[in-house]
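S.K.: Here it is, the structure in full.
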Amino acid sequence: MALLCRSAALLCKSSRAAPLAVSAAHKYTTGGVTYDYIVVEKRGEKQNVGFIQLNRPKVLNALCDGLMLEVGKALDAFEADKDIGAVVITGSDRAFAAGADIKEMQNRTFQECYGGNFLAHWNRVSMSKKPVIAAVNGFALGGGCELAMMCDIIYAGEKAHFGQPEILLGTIPGAGGTQRLTRAVGKSLAMEMVLTGDRINAQEAKQAAYELTLAEGNRLEKRLFHSTFATEDRKEGMTAFVEKRKADFQDK
Ligand code: CO8
């Protein structure tokens, strides 16, 4: 597994260094399936990495329904292929994906979305039985950020920007943004991002990911609590309470 992930990571690097020259008008046929919105290939020395490149450059890889259906189809094929050990999903240098396709959503009604369970199939990526790596550069916004977070590992390039700007469109994240972002960067930063639409860069995302989880925080708190028993002020505070007098703290 580690080796597969390493070779997938190398692929991410090489695809950043030399992005594929892909044309929006071109159709890609792999394993008998033709794709309009993505490029699908087997890559790596051993051809054991499934490679999916989002390919709607004119609209910054906006995630239309057809594109997400194709990603699902490609994942189905890679899952069924015993030679494939891991899958990489990437975009271009300018955009991983600038979100769900706003033009496609603009005129949808409540009845259509609610009754038809709009975009329910987006979850497919998070259900993959093989590890999926997002190689992100440029914009990863809204559904693009959510798509990256559905992957098991995110490799972010220096130009990567993550954000959940749905609030600026009068809506909210709908593909796990409020839930996965909270786990990825912590509640405080996630709330700030979701409530303001502000973006963070790769460095800030990495930094936030290093922040403590609740369990780690609780463990650290307990050890700090124990450490107060090494101070004179802790002894004085408790003694003063027992003796019904005001504590005389000395900052020691
Ligand atoms: N949808 C459709 N088209 C888009 C999108 C998008 N999300 N983003 C960019 N485009 C198009 C633009 O309309 C433009 O097209 P055209 O040339 O025809 O006008 C082209 O891409 C280039 O974009 P810009 O000219 O705007 O490029 P800039 O470099 O000036 O700006 C930005 C880049 C900042 C990324 C800007 O395009 C932007 O703000 N885009 C929208 C980002 C956004 O709001 N994303 C969230 C969308 S909502 C969402 O993702 C909800 C997900 C819910 C999933 C639910 C599953 C159940």
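We label chains A, B, ... in the order they appear in the structure tokens, count residues from 1 in each chain, and number ligands from 1 in the order shown.
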Determine, counting only C-alpha atoms, which protein, DNA and RNA residues have an atom within 10 Å of an atom of Val132 of chain A; residues of the same chain fewer than 3 positions away are not included. Present the result as a PyMOL selection string.
M.R.: chain A and resi 5+8+49-51+75+85-89+125-129+135+148+150-154
S.K.: Let's have the selection written as a CSV table (one decimal), in the first residue's frame, with C-alpha atoms.
M.R.:
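Output file part-v9.csv is given in full below:
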```csv
chain,number,residue,atom,x,y,z
A,5,CYS,CA,0.8,5.6,-2.5
A,8,ALA,CA,0.8,7.8,-6.9
A,49,VAL,CA,-2.2,3.9,-10.6
A,50,GLY,CA,-5.6,5.0,-11.9
A,51,PHE,CA,-5.4,8.6,-13.1
A,75,LEU,CA,-13.8,4.7,-10.2
A,85,GLY,CA,-3.8,-0.2,-6.4
A,86,ALA,CA,-4.6,3.5,-5.9
A,87,VAL,CA,-6.4,6.3,-7.8
A,88,VAL,CA,-5.3,9.9,-8.3
A,89,ILE,CA,-7.8,12.7,-9.0
A,125,VAL,CA,-15.6,9.1,-4.3
A,126,SER,CA,-15.8,8.6,-0.5
A,127,MET,CA,-17.0,5.1,-1.0
A,128,SER,CA,-14.1,3.9,-3.0
A,129,LYS,CA,-12.6,0.6,-1.8
A,135,ALA,CA,-3.6,16.2,-6.3
A,148,ALA,CA,-10.7,16.8,-2.4
A,150,MET,CA,-13.7,13.0,0.0
A,151,CYS,CA,-10.3,11.6,-1.1
A,152,ASP,CA,-8.2,9.7,1.4
A,153,ILE,CA,-5.1,11.9,1.0
A,154,ILE,CA,-4.6,15.4,-0.3
```
S.K.: What does the list of residues within 8 Å of ligand 1 look like if you count only C-alpha atoms and all ligand atoms, written as an MDAnalysis selection string?
M.R.: chainID A and resid 57:64 95 97:104 117:123 139 141:144 146 164:166 168:169 171:176
S.K.: Find the distance between atom CA of Gly115 of chain A and atom CA of Arg180 of chain A and write it in Å to one decimal.
M.R.: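 If I compute the distance from atom CA of Gly115 of chain A to atom CA of Arg180 of chain A, I get 25.0 Å.
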S.K.: Can you pull out the residues contacting Gly163 of chain A? Cut-off 7 Å, using only C-alpha atoms, and skip same-chain residues under 6 positions away; I want them as a compact mmCIF listing (two decimals) with N, CA, C and O atoms, in the first residue's frame.
M.R.:
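Below is the file that was written, selection30.txt:
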```txt
# COMPACT_ATOMS: atom_id res chain seq x y z
N ALA A 140 -9.65 25.11 -5.24
CA ALA A 140 -10.45 23.95 -4.80
C ALA A 140 -11.56 24.57 -3.96
O ALA A 140 -11.42 24.73 -2.75
N LEU A 141 -12.62 24.96 -4.64
CA LEU A 141 -13.66 25.76 -3.97
C LEU A 141 -15.00 25.01 -3.96
O LEU A 141 -15.32 24.28 -4.90
N GLY A 142 -15.78 25.27 -2.92
CA GLY A 142 -17.11 24.67 -2.85
C GLY A 142 -17.04 23.16 -3.04
O GLY A 142 -16.31 22.46 -2.35
N CYS A 145 -13.54 21.73 -3.18
CA CYS A 145 -12.92 21.48 -1.88
C CYS A 145 -13.51 20.21 -1.28
O CYS A 145 -12.80 19.37 -0.72
N MET A 193 -14.45 29.80 7.64
CA MET A 193 -14.44 29.65 6.18
C MET A 193 -15.86 29.55 5.62
O MET A 193 -16.18 30.14 4.59
N GLY A 197 -16.77 32.65 3.58
CA GLY A 197 -16.38 32.31 2.20
C GLY A 197 -14.89 32.54 1.96
O GLY A 197 -14.40 32.36 0.85
N ASP A 198 -14.15 32.95 3.00
CA ASP A 198 -12.71 33.19 2.83
C ASP A 198 -11.97 31.90 2.49
O ASP A 198 -12.36 30.82 2.94
N ARG A 199 -10.89 32.05 1.73
CA ARG A 199 -10.11 30.86 1.33
C ARG A 199 -8.85 30.73 2.17
O ARG A 199 -8.37 31.72 2.70
N ILE A 200 -8.30 29.53 2.22
CA ILE A 200 -6.98 29.33 2.83
C ILE A 200 -6.05 28.69 1.80
O ILE A 200 -6.51 28.00 0.90
```
S.K.: Please, what distance in Å, to one decimal, runs between atom CA of Glu79 of chain A and atom CA of Val40 of chain A?
M.R.: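 Taking atom CA of Glu79 of chain A as the start and atom CA of Val40 of chain A as the end point, the length is 13.4 Å.
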S.K.: Extract, using only C-alpha atoms, all DNA, RNA and protein residues at most 7 Å from Asp93 of chain A, discarding same-chain residues fewer than 2 positions from it, and format them as a PyMOL selection string.
M.R.: chain A and resi 16+91+95+137-138
S.K.: So how many Å separate atom CA of Glu204 of chain A and atom CA of Glu221 of chain A, to one decimal?
M.R.: 24.5 Å
S.K.: Within segment 18-237 of chain A, find each residue whose DSSP state, derived from the backbone, is strand (DSSP E or B), and express the selection as a compact mmCIF listing (two decimals) with all heavy atoms, in the first residue's frame.
M.R.:
```
# COMPACT_ATOMS: atom_id res chain seq x y z
N TYR A 28 -12.25 11.19 -24.50
CA TYR A 28 -11.26 10.18 -24.14
C TYR A 28 -11.92 8.84 -23.97
O TYR A 28 -12.93 8.74 -23.27
CB TYR A 28 -10.53 10.60 -22.86
CG TYR A 28 -9.64 11.77 -23.12
CD1 TYR A 28 -10.15 13.06 -23.06
CD2 TYR A 28 -8.33 11.60 -23.52
CE1 TYR A 28 -9.37 14.15 -23.37
CE2 TYR A 28 -7.53 12.68 -23.83
CZ TYR A 28 -8.05 13.95 -23.75
OH TYR A 28 -7.27 15.02 -24.07
N THR A 29 -11.36 7.86 -24.63
CA THR A 29 -11.92 6.51 -24.52
C THR A 29 -10.93 5.61 -23.81
O THR A 29 -9.77 5.52 -24.21
CB THR A 29 -12.23 5.94 -25.92
OG1 THR A 29 -13.11 6.85 -26.58
CG2 THR A 29 -12.90 4.58 -25.82
N THR A 30 -11.33 5.05 -22.70
CA THR A 30 -10.48 4.12 -21.96
C THR A 30 -11.31 2.90 -21.63
O THR A 30 -12.42 3.04 -21.10
CB THR A 30 -10.00 4.76 -20.64
OG1 THR A 30 -9.45 6.02 -20.93
CG2 THR A 30 -8.96 3.89 -19.96
N VAL A 33 -14.91 2.87 -22.66
CA VAL A 33 -15.82 3.92 -22.19
C VAL A 33 -15.31 5.28 -22.68
O VAL A 33 -14.11 5.56 -22.59
CB VAL A 33 -15.90 3.94 -20.64
CG1 VAL A 33 -16.92 4.97 -20.16
CG2 VAL A 33 -16.22 2.55 -20.11
N THR A 34 -16.19 6.10 -23.20
CA THR A 34 -15.80 7.42 -23.68
C THR A 34 -16.18 8.48 -22.65
O THR A 34 -17.29 8.49 -22.14
CB THR A 34 -16.48 7.72 -25.03
OG1 THR A 34 -16.06 6.72 -25.96
CG2 THR A 34 -16.08 9.09 -25.55
N TYR A 35 -15.22 9.33 -22.36
CA TYR A 35 -15.44 10.38 -21.36
C TYR A 35 -15.41 11.75 -22.03
O TYR A 35 -14.52 12.04 -22.82
CB TYR A 35 -14.35 10.31 -20.29
CG TYR A 35 -14.34 9.01 -19.51
CD1 TYR A 35 -13.49 7.97 -19.86
CD2 TYR A 35 -15.17 8.84 -18.41
CE1 TYR A 35 -13.48 6.78 -19.15
CE2 TYR A 35 -15.17 7.65 -17.69
CZ TYR A 35 -14.33 6.62 -18.06
OH TYR A 35 -14.31 5.45 -17.36
N ILE A 38 -13.60 14.22 -18.43
CA ILE A 38 -12.40 13.83 -17.67
C ILE A 38 -11.46 13.05 -18.58
O ILE A 38 -11.88 12.51 -19.60
CB ILE A 38 -12.74 12.99 -16.41
CG1 ILE A 38 -13.50 11.70 -16.79
CG2 ILE A 38 -13.56 13.78 -15.41
CD1 ILE A 38 -13.81 10.78 -15.59
N VAL A 39 -10.19 13.02 -18.18
CA VAL A 39 -9.20 12.17 -18.84
C VAL A 39 -8.95 11.00 -17.90
O VAL A 39 -8.72 11.21 -16.70
CB VAL A 39 -7.88 12.94 -19.07
CG1 VAL A 39 -6.83 12.03 -19.71
CG2 VAL A 39 -8.13 14.17 -19.92
N VAL A 40 -9.00 9.80 -18.45
CA VAL A 40 -8.83 8.61 -17.60
C VAL A 40 -7.72 7.74 -18.18
O VAL A 40 -7.77 7.36 -19.35
CB VAL A 40 -10.15 7.80 -17.53
CG1 VAL A 40 -9.98 6.56 -16.66
CG2 VAL A 40 -11.28 8.67 -16.99
N GLU A 41 -6.72 7.46 -17.36
CA GLU A 41 -5.60 6.65 -17.83
C GLU A 41 -5.08 5.76 -16.72
O GLU A 41 -5.32 6.04 -15.54
CB GLU A 41 -4.45 7.57 -18.28
CG GLU A 41 -4.74 8.36 -19.53
CD GLU A 41 -3.66 9.40 -19.83
OE1 GLU A 41 -2.72 9.53 -19.02
OE2 GLU A 41 -3.76 10.05 -20.85
N LYS A 42 -4.31 4.74 -17.12
CA LYS A 42 -3.54 3.97 -16.15
C LYS A 42 -2.12 4.50 -16.26
O LYS A 42 -1.59 4.66 -17.36
CB LYS A 42 -3.57 2.48 -16.50
CG LYS A 42 -4.90 1.82 -16.15
CD LYS A 42 -5.03 0.50 -16.84
CE LYS A 42 -4.75 -0.64 -15.94
NZ LYS A 42 -5.03 -1.96 -16.48
N ARG A 43 -1.52 4.78 -15.11
CA ARG A 43 -0.19 5.37 -15.14
C ARG A 43 0.76 4.65 -14.19
O ARG A 43 0.36 3.79 -13.43
CB ARG A 43 -0.29 6.84 -14.69
CG ARG A 43 -0.99 7.74 -15.70
CD ARG A 43 -0.11 8.91 -15.99
NE ARG A 43 -0.77 9.89 -16.83
CZ ARG A 43 -0.56 11.19 -16.73
NH1 ARG A 43 0.21 11.67 -15.79
NH2 ARG A 43 -1.15 12.01 -17.57
N VAL A 49 -1.58 2.69 -11.23
CA VAL A 49 -2.24 3.87 -10.65
C VAL A 49 -3.34 4.33 -11.60
O VAL A 49 -3.08 4.57 -12.79
CB VAL A 49 -1.23 5.02 -10.43
CG1 VAL A 49 -1.95 6.25 -9.87
CG2 VAL A 49 -0.12 4.58 -9.48
N GLY A 50 -4.54 4.43 -11.09
CA GLY A 50 -5.65 4.96 -11.89
C GLY A 50 -5.59 6.48 -11.85
O GLY A 50 -5.51 7.07 -10.76
N PHE A 51 -5.59 7.11 -13.01
CA PHE A 51 -5.39 8.56 -13.08
C PHE A 51 -6.65 9.20 -13.67
O PHE A 51 -7.09 8.83 -14.76
CB PHE A 51 -4.18 8.83 -13.98
CG PHE A 51 -3.83 10.29 -14.15
CD1 PHE A 51 -3.07 10.94 -13.19
CD2 PHE A 51 -4.25 10.98 -15.27
CE1 PHE A 51 -2.74 12.28 -13.36
CE2 PHE A 51 -3.92 12.33 -15.43
CZ PHE A 51 -3.16 12.97 -14.48
N ILE A 52 -7.23 10.14 -12.92
CA ILE A 52 -8.43 10.84 -13.40
C ILE A 52 -8.12 12.34 -13.38
O ILE A 52 -7.81 12.90 -12.32
CB ILE A 52 -9.65 10.57 -12.48
CG1 ILE A 52 -9.98 9.08 -12.44
CG2 ILE A 52 -10.85 11.39 -12.94
CD1 ILE A 52 -11.08 8.72 -11.44
N GLN A 53 -8.18 12.96 -14.54
CA GLN A 53 -7.94 14.40 -14.59
C GLN A 53 -9.24 15.12 -14.99
O GLN A 53 -9.82 14.84 -16.05
CB GLN A 53 -6.84 14.74 -15.60
CG GLN A 53 -6.55 16.24 -15.64
CD GLN A 53 -5.27 16.58 -16.38
OE1 GLN A 53 -4.92 15.88 -17.33
NE2 GLN A 53 -4.58 17.62 -15.96
N LEU A 54 -9.70 16.01 -14.13
CA LEU A 54 -10.90 16.79 -14.44
C LEU A 54 -10.56 17.71 -15.60
O LEU A 54 -9.50 18.34 -15.61
CB LEU A 54 -11.34 17.60 -13.21
CG LEU A 54 -11.38 16.81 -11.89
CD1 LEU A 54 -11.79 17.71 -10.73
CD2 LEU A 54 -12.34 15.62 -12.01
N LEU A 63 -17.85 21.45 -11.59
CA LEU A 63 -18.29 20.05 -11.52
C LEU A 63 -19.75 19.94 -11.95
O LEU A 63 -20.66 20.06 -11.12
CB LEU A 63 -18.10 19.55 -10.08
CG LEU A 63 -16.67 19.70 -9.54
CD1 LEU A 63 -16.63 19.47 -8.03
CD2 LEU A 63 -15.71 18.76 -10.26
N ALA A 86 -4.22 2.20 -6.48
CA ALA A 86 -4.64 3.49 -5.93
C ALA A 86 -5.07 4.38 -7.08
O ALA A 86 -4.70 4.15 -8.24
CB ALA A 86 -3.49 4.15 -5.16
N VAL A 87 -5.86 5.41 -6.75
CA VAL A 87 -6.39 6.30 -7.78
C VAL A 87 -5.99 7.74 -7.44
O VAL A 87 -6.02 8.14 -6.27
CB VAL A 87 -7.93 6.19 -7.85
CG1 VAL A 87 -8.51 7.16 -8.87
CG2 VAL A 87 -8.36 4.76 -8.17
N VAL A 88 -5.60 8.49 -8.46
CA VAL A 88 -5.28 9.91 -8.28
C VAL A 88 -6.34 10.73 -9.01
O VAL A 88 -6.66 10.44 -10.17
CB VAL A 88 -3.89 10.25 -8.87
CG1 VAL A 88 -3.65 11.75 -8.87
CG2 VAL A 88 -2.80 9.54 -8.08
N ILE A 89 -6.90 11.73 -8.33
CA ILE A 89 -7.80 12.67 -9.00
C ILE A 89 -7.12 14.02 -9.00
O ILE A 89 -6.67 14.50 -7.94
CB ILE A 89 -9.17 12.77 -8.29
CG1 ILE A 89 -9.86 11.39 -8.26
CG2 ILE A 89 -10.06 13.80 -8.99
CD1 ILE A 89 -11.23 11.39 -7.59
N THR A 90 -7.01 14.64 -10.15
CA THR A 90 -6.34 15.92 -10.23
C THR A 90 -7.08 16.86 -11.18
O THR A 90 -8.06 16.46 -11.83
CB THR A 90 -4.86 15.73 -10.64
OG1 THR A 90 -4.15 16.94 -10.42
CG2 THR A 90 -4.73 15.35 -12.11
N ALA A 95 -6.81 25.25 -11.63
CA ALA A 95 -7.96 24.84 -10.82
C ALA A 95 -8.03 23.34 -10.66
O ALA A 95 -7.99 22.61 -11.66
CB ALA A 95 -9.25 25.34 -11.45
N PHE A 96 -8.14 22.91 -9.42
CA PHE A 96 -8.57 21.52 -9.18
C PHE A 96 -10.04 21.49 -9.60
O PHE A 96 -10.40 20.82 -10.56
CB PHE A 96 -8.38 21.18 -7.70
CG PHE A 96 -8.86 19.81 -7.34
CD1 PHE A 96 -8.16 18.69 -7.76
CD2 PHE A 96 -9.99 19.63 -6.56
CE1 PHE A 96 -8.60 17.40 -7.43
CE2 PHE A 96 -10.43 18.35 -6.22
CZ PHE A 96 -9.73 17.24 -6.66
N ALA A 97 -10.87 22.27 -8.94
CA ALA A 97 -12.26 22.48 -9.38
C ALA A 97 -12.82 23.69 -8.63
O ALA A 97 -12.67 23.79 -7.41
CB ALA A 97 -13.12 21.25 -9.10
N ALA A 100 -19.23 23.19 -7.70
CA ALA A 100 -20.32 22.65 -8.54
C ALA A 100 -20.62 23.69 -9.62
O ALA A 100 -20.36 24.88 -9.45
CB ALA A 100 -21.54 22.40 -7.68
N VAL A 132 -7.87 6.81 -2.61
CA VAL A 132 -7.97 7.87 -3.61
C VAL A 132 -7.19 9.08 -3.12
O VAL A 132 -7.36 9.52 -1.98
CB VAL A 132 -9.44 8.26 -3.88
CG1 VAL A 132 -9.52 9.30 -4.99
CG2 VAL A 132 -10.28 7.05 -4.23
N ILE A 133 -6.33 9.59 -4.00
CA ILE A 133 -5.48 10.72 -3.64
C ILE A 133 -5.89 11.92 -4.48
O ILE A 133 -6.01 11.82 -5.70
CB ILE A 133 -4.00 10.39 -3.94
CG1 ILE A 133 -3.56 9.20 -3.07
CG2 ILE A 133 -3.10 11.60 -3.69
CD1 ILE A 133 -2.25 8.59 -3.49
N ALA A 134 -6.12 13.06 -3.83
CA ALA A 134 -6.40 14.29 -4.57
C ALA A 134 -5.09 15.04 -4.75
O ALA A 134 -4.39 15.31 -3.77
CB ALA A 134 -7.39 15.15 -3.80
N ALA A 135 -4.73 15.35 -5.99
CA ALA A 135 -3.55 16.18 -6.26
C ALA A 135 -4.09 17.55 -6.65
O ALA A 135 -4.63 17.72 -7.74
CB ALA A 135 -2.74 15.57 -7.40
N VAL A 136 -3.97 18.50 -5.72
CA VAL A 136 -4.68 19.77 -5.87
C VAL A 136 -3.72 20.91 -6.15
O VAL A 136 -2.73 21.10 -5.45
CB VAL A 136 -5.46 20.09 -4.56
CG1 VAL A 136 -6.16 21.43 -4.67
CG2 VAL A 136 -6.46 18.99 -4.23
N PHE A 139 -7.56 26.58 -7.65
CA PHE A 139 -8.80 26.68 -6.86
C PHE A 139 -9.37 25.29 -6.51
O PHE A 139 -9.54 24.46 -7.39
CB PHE A 139 -9.87 27.43 -7.64
CG PHE A 139 -9.48 28.84 -8.00
CD1 PHE A 139 -9.27 29.20 -9.33
CD2 PHE A 139 -9.34 29.81 -7.02
CE1 PHE A 139 -8.92 30.50 -9.67
CE2 PHE A 139 -8.98 31.12 -7.35
CZ PHE A 139 -8.76 31.46 -8.68
N ALA A 140 -9.65 25.11 -5.24
CA ALA A 140 -10.45 23.95 -4.80
C ALA A 140 -11.56 24.57 -3.96
O ALA A 140 -11.42 24.73 -2.75
CB ALA A 140 -9.61 22.98 -3.99
N LEU A 141 -12.62 24.96 -4.64
CA LEU A 141 -13.66 25.76 -3.97
C LEU A 141 -15.00 25.01 -3.96
O LEU A 141 -15.32 24.28 -4.90
CB LEU A 141 -13.85 27.09 -4.71
CG LEU A 141 -12.59 27.96 -4.84
CD1 LEU A 141 -12.90 29.24 -5.63
CD2 LEU A 141 -12.02 28.30 -3.47
N ILE A 153 -6.27 11.07 0.78
CA ILE A 153 -5.06 11.87 1.00
C ILE A 153 -5.15 13.08 0.07
O ILE A 153 -5.62 12.95 -1.06
CB ILE A 153 -3.78 11.07 0.63
CG1 ILE A 153 -3.68 9.80 1.50
CG2 ILE A 153 -2.52 11.92 0.80
CD1 ILE A 153 -2.57 8.85 1.06
N ILE A 154 -4.70 14.25 0.56
CA ILE A 154 -4.64 15.42 -0.32
C ILE A 154 -3.18 15.86 -0.44
O ILE A 154 -2.53 16.12 0.57
CB ILE A 154 -5.46 16.61 0.22
CG1 ILE A 154 -6.93 16.22 0.37
CG2 ILE A 154 -5.32 17.83 -0.69
CD1 ILE A 154 -7.82 17.32 0.96
N TYR A 155 -2.67 15.89 -1.68
CA TYR A 155 -1.38 16.52 -1.95
C TYR A 155 -1.68 17.89 -2.53
O TYR A 155 -2.30 17.98 -3.58
CB TYR A 155 -0.56 15.71 -2.96
CG TYR A 155 0.13 14.53 -2.35
CD1 TYR A 155 -0.43 13.26 -2.42
CD2 TYR A 155 1.34 14.68 -1.68
CE1 TYR A 155 0.20 12.17 -1.84
CE2 TYR A 155 1.97 13.59 -1.10
CZ TYR A 155 1.39 12.34 -1.18
OH TYR A 155 2.01 11.26 -0.61
N ALA A 156 -1.26 18.93 -1.82
CA ALA A 156 -1.59 20.28 -2.29
C ALA A 156 -0.34 20.97 -2.83
O ALA A 156 0.71 20.97 -2.19
CB ALA A 156 -2.18 21.09 -1.14
N HIS A 161 -5.64 26.68 -3.34
CA HIS A 161 -6.48 27.48 -2.45
C HIS A 161 -7.76 26.71 -2.16
O HIS A 161 -8.43 26.29 -3.09
CB HIS A 161 -6.84 28.83 -3.09
CG HIS A 161 -5.78 29.84 -2.88
ND1 HIS A 161 -4.75 30.03 -3.76
CD2 HIS A 161 -5.57 30.71 -1.86
CE1 HIS A 161 -3.95 30.97 -3.29
NE2 HIS A 161 -4.42 31.40 -2.15
N PHE A 162 -8.06 26.58 -0.89
CA PHE A 162 -9.24 25.84 -0.48
C PHE A 162 -10.27 26.81 0.08
O PHE A 162 -9.93 27.75 0.80
CB PHE A 162 -8.88 24.81 0.61
CG PHE A 162 -7.88 23.80 0.16
CD1 PHE A 162 -6.52 24.02 0.30
CD2 PHE A 162 -8.30 22.61 -0.43
CE1 PHE A 162 -5.59 23.08 -0.13
CE2 PHE A 162 -7.38 21.66 -0.87
CZ PHE A 162 -6.02 21.90 -0.71
N GLY A 163 -11.53 26.58 -0.25
CA GLY A 163 -12.57 27.47 0.30
C GLY A 163 -13.95 26.89 0.11
O GLY A 163 -14.17 26.01 -0.74
N ARG A 199 -10.89 32.05 1.73
CA ARG A 199 -10.11 30.86 1.33
C ARG A 199 -8.85 30.73 2.17
O ARG A 199 -8.37 31.72 2.70
CB ARG A 199 -9.65 31.00 -0.12
CG ARG A 199 -10.76 31.16 -1.09
CD ARG A 199 -10.15 31.41 -2.48
NE ARG A 199 -11.06 32.21 -3.27
CZ ARG A 199 -10.70 33.06 -4.22
NH1 ARG A 199 -9.43 33.22 -4.51
NH2 ARG A 199 -11.60 33.74 -4.89
N ILE A 200 -8.30 29.53 2.22
CA ILE A 200 -6.98 29.33 2.83
C ILE A 200 -6.05 28.69 1.80
O ILE A 200 -6.51 28.00 0.90
CB ILE A 200 -7.03 28.46 4.11
CG1 ILE A 200 -7.66 27.07 3.82
CG2 ILE A 200 -7.79 29.16 5.22
CD1 ILE A 200 -7.54 26.10 4.99
N ASN A 201 -4.75 28.97 1.96
CA ASN A 201 -3.81 28.36 1.01
C ASN A 201 -3.29 27.03 1.55
O ASN A 201 -3.67 26.60 2.65
CB ASN A 201 -2.66 29.34 0.68
CG ASN A 201 -1.83 29.67 1.91
OD1 ASN A 201 -1.71 28.87 2.82
ND2 ASN A 201 -1.26 30.87 1.93
```
S.K.: Do you know which residues are at most 12 Å from Arg234 of chain A counting only C-alpha atoms, after dropping those on the same chain fewer than 3 positions away, and could you put them as a count of residues only?
M.R.: 18
S.K.: As a PyMOL selection string, please: every residue in segment 47-82 of chain A that DSSP puts in alpha helix (DSSP H).
M.R.: chain A and resi 65-80
